[in-house]
There are 2 protein chains.
Amino acid sequence: MADTKIKNATISDVAKLAGVSMKTVSRVFNNEKYVSKDKKDKILKVAAKLNYRPSVQARGLAGSKSFMVAMFVDKLEGDYLTKVLRGILDRSEPAGCHLVVEVLKAQGDKEKLKQVLNSVNFDGVVLTSPICDDTVVLDALKESNVPTVRIGPGFDYEGTFKVAIDEFKAASQITEYMISQGHSRIGFIKGDPKHACSLERERGYLRALQLAGLPIENNLIAPGLFSYESGRKAAELLLDAENRPTAIFASNDDMATAVLAVARERGIAVPEDLSIVGFDDADHAAIVSPSLTTVRQPVVQMASAAFDLLHEGQEHGSEFIPHPFELCIRDSVASPNE
Amino acid sequence: MADTKIKNATISDVAKLAGVSMKTVSRVFNNEKYVSKDKKDKILKVAAKLNYRPSVQARGLAGSKSFMVAMFVDKLEGDYLTKVLRGILDRSEPAGCHLVVEVLKAQGDKEKLKQVLNSVNFDGVVLTSPICDDTVVLDALKESNVPTVRIGPGFDYEGTFKVAIDEFKAASQITEYMISQGHSRIGFIKGDPKHACSLERERGYLRALQLAGLPIENNLIAPGLFSYESGRKAAELLLDAENRPTAIFASNDDMATAVLAVARERGIAVPEDLSIVGFDDADHAAIVSPSLTTVRQPVVQMASAAFDLLHEGQEHGSEFIPHPFELCIRDSVASPNE
DNA sequence: CTGAAAGCGCTTACAG
DNA sequence: CTGAAAGCGCTTACAG
């Protein structure tokens with residue numbers, strides 16, 4: 001019942017006990033050069049004994065680094081964001097940096113934005129779609145001078161870092177894969193237009209058809225919003241049409257799963273009578289039946305790279321290298337039977 | 001290209017412009033009583049003009065509150081944790097509190113634990129399974145005097161808050177549901193023994209059988225680890241046995257989905273030839289085919305409640321009220337045909 | 001390689 | 001209802 005809160009050791013406790021100045025202790029904990037080996041050893045020993053750790057708050061107040069990075073999210077949903085968090089944490093933890101999650105409703109949550117940006121001095125901010133393309137947010141970040149990295153942005157924005165895969169190429173390749181399996185009537189379900197990747201994926205699909213000399217039929221293209229429900233609607237649209245497609249490319253795995261469900265309800269066998277591909281390699285892509293052929297983005301690595309860009313304070317404008325994607329060939333595609 | 005970082009307004013800027021002392025401004029921003037209305041109005045007006053927000057770091061250093069809460073996680077995976085984060089953020093944001101995510105490898109990541117607890121003074125910490133039952137963590141938290149709330153803990157720990165559903169009752173009810181549908185040979189796939197809920201769910205299953213006067217057959221009970229893969233193994237064990245069960249209760253939805261897949265591979269129709277239930281109502285439970293009958297925990301609400309307990313500084317030991325669970329009756333259960 | 005002083009932006013503990 | 005002073009635990013900017 002010791003309700004006496006044991007106070008943590010401070011830098012001056014360590015300095016006193018080690019017989020040096022605070023500044024020297026500070027040097028050690030900031031990995032500055034020019035500390036004699038014996039003093040450094042002594043300081044480290046004393047610090048360990050006292051169980052000393054620099055206070056994040058004091059450092060943040062006194063210095064220019066806060067040891068906190070933020071991730072701004074629109075809404076917390078899906079395993080994509082979990083992977084982003086994991087990727088950041090993989091690097092931020094060893095760097096002694098804390099990850100703060102801030103919710104920012106899309107489109108002009110200006111009040112919240114000011115609140116967050118003025119009350120905490122983040123060492124950097126990671127943005128994902130769709131707010132990585134929200135200029136209100138980007139402008140505010142720029143004005144606050146906070147290093148910013150955007151994962152999968154739709155356009156370039158001066159002074160920010162960018163991490164992405166080549167969505168266009170990925171979409172194009174998975175479409176080509178279906179074409180190579182013999183499909184020529186390939187339906188497409190668009191993603192949420194709020195996300196920049198949606199357009200890229202559509203462009204990739206169209207390009208692949210075009211390159212293969214296949215006609216582009218508008219009634220083979222259905223709108224979608226990335227959600228399972230929107231995928232169902234699109235699937236119904238596509239599958240109830242006369243002369244239905246022999247394959248469907250859904251812009252993400254949730255919608256591809258919806259196509260799977262609608263096909264099953266209609267007694268259409270997958271992949272025998274209908275091939276399906278998705279995008280993302282979401283956690284459930286491999287565990288639905290049949291498992292989904294899809295495109296995998298290395299989300300965790302991308303997020304780790306995002307943190308590294310922030311932390312290493314790279315130069316902007318260094319050539320952008322897209323991260324590699326990967327076609328996950330599984331069981332939802334077969335050659336059309338006729 | 002204004003690289004001149006505009007400094008944020010401080011409390012003394014506001015005080016000066018409003019013609020009051022810093023302390024009075026402080027009072028307003030901390031909602032203390034005893035500030036005359038006209039001064040308060042004036043201060044608020046000036047603060048708005050200056051776009052002033054109290055610095056989290058300065059407040060944390062000077063005062064006893066840090067305006068930061070932490071969530072300690074073992075590993076960041078699955079939609080359960082996403083929901084917990086969302087639940088906390090739903091409440092922490094309006095409260096002006098920031099959410100920090102810290103990864104703590106299970107079992108004695110003492111170094112990291114000290115690091116985190118000594119460098120930041122959290123207003124509270126939220127723990128989920130399995131680390132909510134890690135006594136090393138609990139002891140350290142207790143010693144640091146940090147308000148702690150545990151979601152779904154396996155035992156009580158003095159001085160901590162608890163948020164949970166009645167796992168035992170939930171498991172028992174869903175088992176009873178299958179019995180009511182006519183099943184008498186019901187298989188069970190255990191959860192990861194590291195998680196306290198695993199045992200509770202098993203107890204609930206056993207109790208329901210017992211109450212119904214059904215025999216408990218050990219070869220109807222298979223080990224599992226909550227993962228899809230472990231679910232596959234368990235399903236194979238259960239389904240390859242002679243006299244296989246007519247129904248299987250998997251301790252979570254990932255494993256239930258695995259049972260679905262294995263059944264499909266074996267040509268066993270679900271739910272006609274085999275009924276399946278899961279637990280959790282994970283995101284994919286409703287979108288697999290057939291959709292899974294399962295138990296839903298109000299995870300988001302539970303996490304919100306967790307934050308509230310921290311923030312409102314409730315008394316410990318006030319009667320614990322389990323959160324309500326809900327049976328989600330979907331398409332994976334039917335009466336056995338014989 | 002080392003340190004003394006000032007200051008970061010707040011709250012605390014008092015005093016009135 | 002209000003405020004002056006001290007202090008939270010660090011880093012900064014200098015000086016040596």
# chains A, B, ... in the order shown; residues from 1 in each chain; ligands from 1
>>> select_by_dssp(residues="range 72-285 of chain B", states="helix (DSSP H, G or I)", output="ChimeraX atom specification")
/B:78-92,110-119,131-133,135-144,167-180,196-211,218-220,228-240,253-265,283-285
>>> interface_residues(of="chain B", to="chain C", cutoff="9 Å", atoms="only C-alpha atoms (C1' of nucleotides)", output="PDB file with C-alpha atoms, in the first residue's frame")
ATOM      1  CA  THR B  10       1.830  30.926 -25.247  1.00  0.00           C
ATOM      2  CA  ILE B  11      -0.143  31.357 -22.114  1.00  0.00           C
ATOM      3  CA  SER B  12       1.740  34.535 -21.285  1.00  0.00           C
ATOM      4  CA  LYS B  23      -2.733  31.843 -13.653  1.00  0.00           C
ATOM      5  CA  SER B  26      -4.647  28.669 -16.809  1.00  0.00           C
ATOM      6  CA  PRO B  54      -2.000  24.848 -24.134  1.00  0.00           C
ATOM      7  CA  SER B  55       1.143  22.877 -24.814  1.00  0.00           C
ATOM      8  CA  VAL B  56       0.769  19.245 -23.932  1.00  0.00           C
ATOM      9  CA  GLN B  57       4.425  18.985 -23.101  1.00  0.00           C
ATOM     10  CA  ALA B  58       4.489  21.992 -20.814  1.00  0.00           C
ATOM     11  CA  ARG B  59       1.387  20.869 -19.017  1.00  0.00           C
ATOM     12  CA  GLY B  60       2.786  17.416 -18.612  1.00  0.00           C
ATOM     13  CA  LEU B  61       6.017  18.725 -17.193  1.00  0.00           C
ATOM     14  CA  ALA B  62       4.558  21.265 -14.847  1.00  0.00           C
ATOM     15  CA  GLY B  63       1.451  19.544 -13.657  1.00  0.00           C
ATOM     16  CA  SER B  64       0.175  16.207 -12.589  1.00  0.00           C
TER      17      SER B  64
END
>>> interface_residues(of="chain B", to="chain A", cutoff="7 Å", atoms="only C-alpha atoms", output="PyMOL selection string")
chain B and resi 5+8+53-58+60-61+76-79+82+86+98-101+115+118-120+145+261+284+288-289
>>> write_last_selection(atoms="N, CA and C atoms", output="compact mmCIF listing (two decimals), in the first residue's frame")
# COMPACT_ATOMS: atom_id res chain seq x y z
N LYS B 5 9.58 29.75 -38.86
CA LYS B 5 8.57 29.00 -38.13
C LYS B 5 7.79 29.93 -37.22
N ASN B 8 4.01 29.35 -31.90
CA ASN B 8 2.67 29.32 -31.34
C ASN B 8 2.56 30.30 -30.19
N ARG B 53 -3.39 27.23 -27.93
CA ARG B 53 -3.74 25.93 -27.30
C ARG B 53 -2.65 25.62 -26.30
N PRO B 54 -3.02 25.19 -25.14
CA PRO B 54 -2.00 24.85 -24.13
C PRO B 54 -1.06 23.77 -24.68
N SER B 55 0.17 23.88 -24.37
CA SER B 55 1.14 22.88 -24.81
C SER B 55 1.05 21.62 -23.97
N VAL B 56 0.86 20.52 -24.64
CA VAL B 56 0.77 19.24 -23.93
C VAL B 56 2.04 18.96 -23.15
N GLN B 57 3.16 19.27 -23.77
CA GLN B 57 4.43 18.98 -23.10
C GLN B 57 4.63 19.83 -21.85
N ALA B 58 4.30 21.11 -21.96
CA ALA B 58 4.49 21.99 -20.81
C ALA B 58 3.55 21.59 -19.67
N GLY B 60 2.34 18.69 -19.16
CA GLY B 60 2.79 17.42 -18.61
C GLY B 60 3.96 17.60 -17.67
N LEU B 61 4.83 18.51 -18.02
CA LEU B 61 6.02 18.73 -17.19
C LEU B 61 5.67 19.44 -15.89
N LEU B 76 0.25 -5.99 -32.76
CA LEU B 76 -0.82 -5.27 -33.42
C LEU B 76 -1.37 -6.12 -34.55
N GLU B 77 -2.47 -6.78 -34.30
CA GLU B 77 -3.04 -7.65 -35.31
C GLU B 77 -4.52 -7.83 -35.10
N GLY B 78 -5.23 -7.95 -36.18
CA GLY B 78 -6.64 -8.28 -36.08
C GLY B 78 -7.52 -7.08 -35.86
N ASP B 79 -8.79 -7.25 -36.16
CA ASP B 79 -9.66 -6.09 -36.05
C ASP B 79 -10.10 -5.82 -34.62
N THR B 82 -8.06 -2.88 -33.49
CA THR B 82 -8.51 -1.68 -34.18
C THR B 82 -9.76 -1.13 -33.50
N ARG B 86 -10.29 2.40 -31.64
CA ARG B 86 -11.38 3.29 -32.02
C ARG B 86 -12.23 3.67 -30.81
N HIS B 98 -4.48 12.55 -25.68
CA HIS B 98 -3.84 11.91 -26.83
C HIS B 98 -3.56 10.44 -26.55
N LEU B 99 -3.74 9.64 -27.59
CA LEU B 99 -3.55 8.20 -27.43
C LEU B 99 -2.21 7.74 -28.00
N VAL B 100 -1.42 7.14 -27.15
CA VAL B 100 -0.11 6.63 -27.57
C VAL B 100 -0.16 5.11 -27.59
N VAL B 101 0.36 4.53 -28.64
CA VAL B 101 0.38 3.07 -28.72
C VAL B 101 1.78 2.57 -28.42
N GLN B 115 11.42 1.78 -19.62
CA GLN B 115 11.64 2.86 -20.57
C GLN B 115 10.36 3.68 -20.74
N ASN B 118 8.98 5.24 -17.28
CA ASN B 118 9.77 6.31 -16.68
C ASN B 118 9.90 7.55 -17.56
N SER B 119 9.70 7.38 -18.83
CA SER B 119 9.93 8.54 -19.68
C SER B 119 8.66 9.34 -19.95
N VAL B 120 7.52 8.70 -19.84
CA VAL B 120 6.28 9.42 -20.03
C VAL B 120 5.37 9.18 -18.84
N ASN B 145 2.15 3.75 -10.16
CA ASN B 145 0.95 4.47 -9.78
C ASN B 145 0.15 4.99 -10.96
N ALA B 261 -13.47 -23.75 -44.38
CA ALA B 261 -12.62 -24.08 -45.53
C ALA B 261 -12.34 -25.58 -45.60
N HIS B 284 -14.80 -10.31 -40.75
CA HIS B 284 -15.06 -11.23 -41.86
C HIS B 284 -16.16 -12.23 -41.55
N VAL B 288 -18.08 -14.16 -44.98
CA VAL B 288 -17.74 -15.48 -45.53
C VAL B 288 -19.05 -16.17 -45.88
N SER B 289 -18.94 -17.25 -46.64
CA SER B 289 -20.16 -17.95 -47.04
C SER B 289 -20.08 -19.40 -46.59
>>> select_by_dssp(residues="range 15-156 of chain B", states="strand (DSSP E or B)", output="NGL selection string")
:B and (68-73 or 98-103 or 124-127 or 148-151)
>>> residues_around(residues="range 174-176 of chain B", least_positions_apart="5", cutoff="12 Å", atoms="only C-alpha atoms (C1' of nucleotides)", output="PyMOL selection string")
chain B and resi 167-169+181-188+201-214+247-251+275-280+293-296+325-329+333
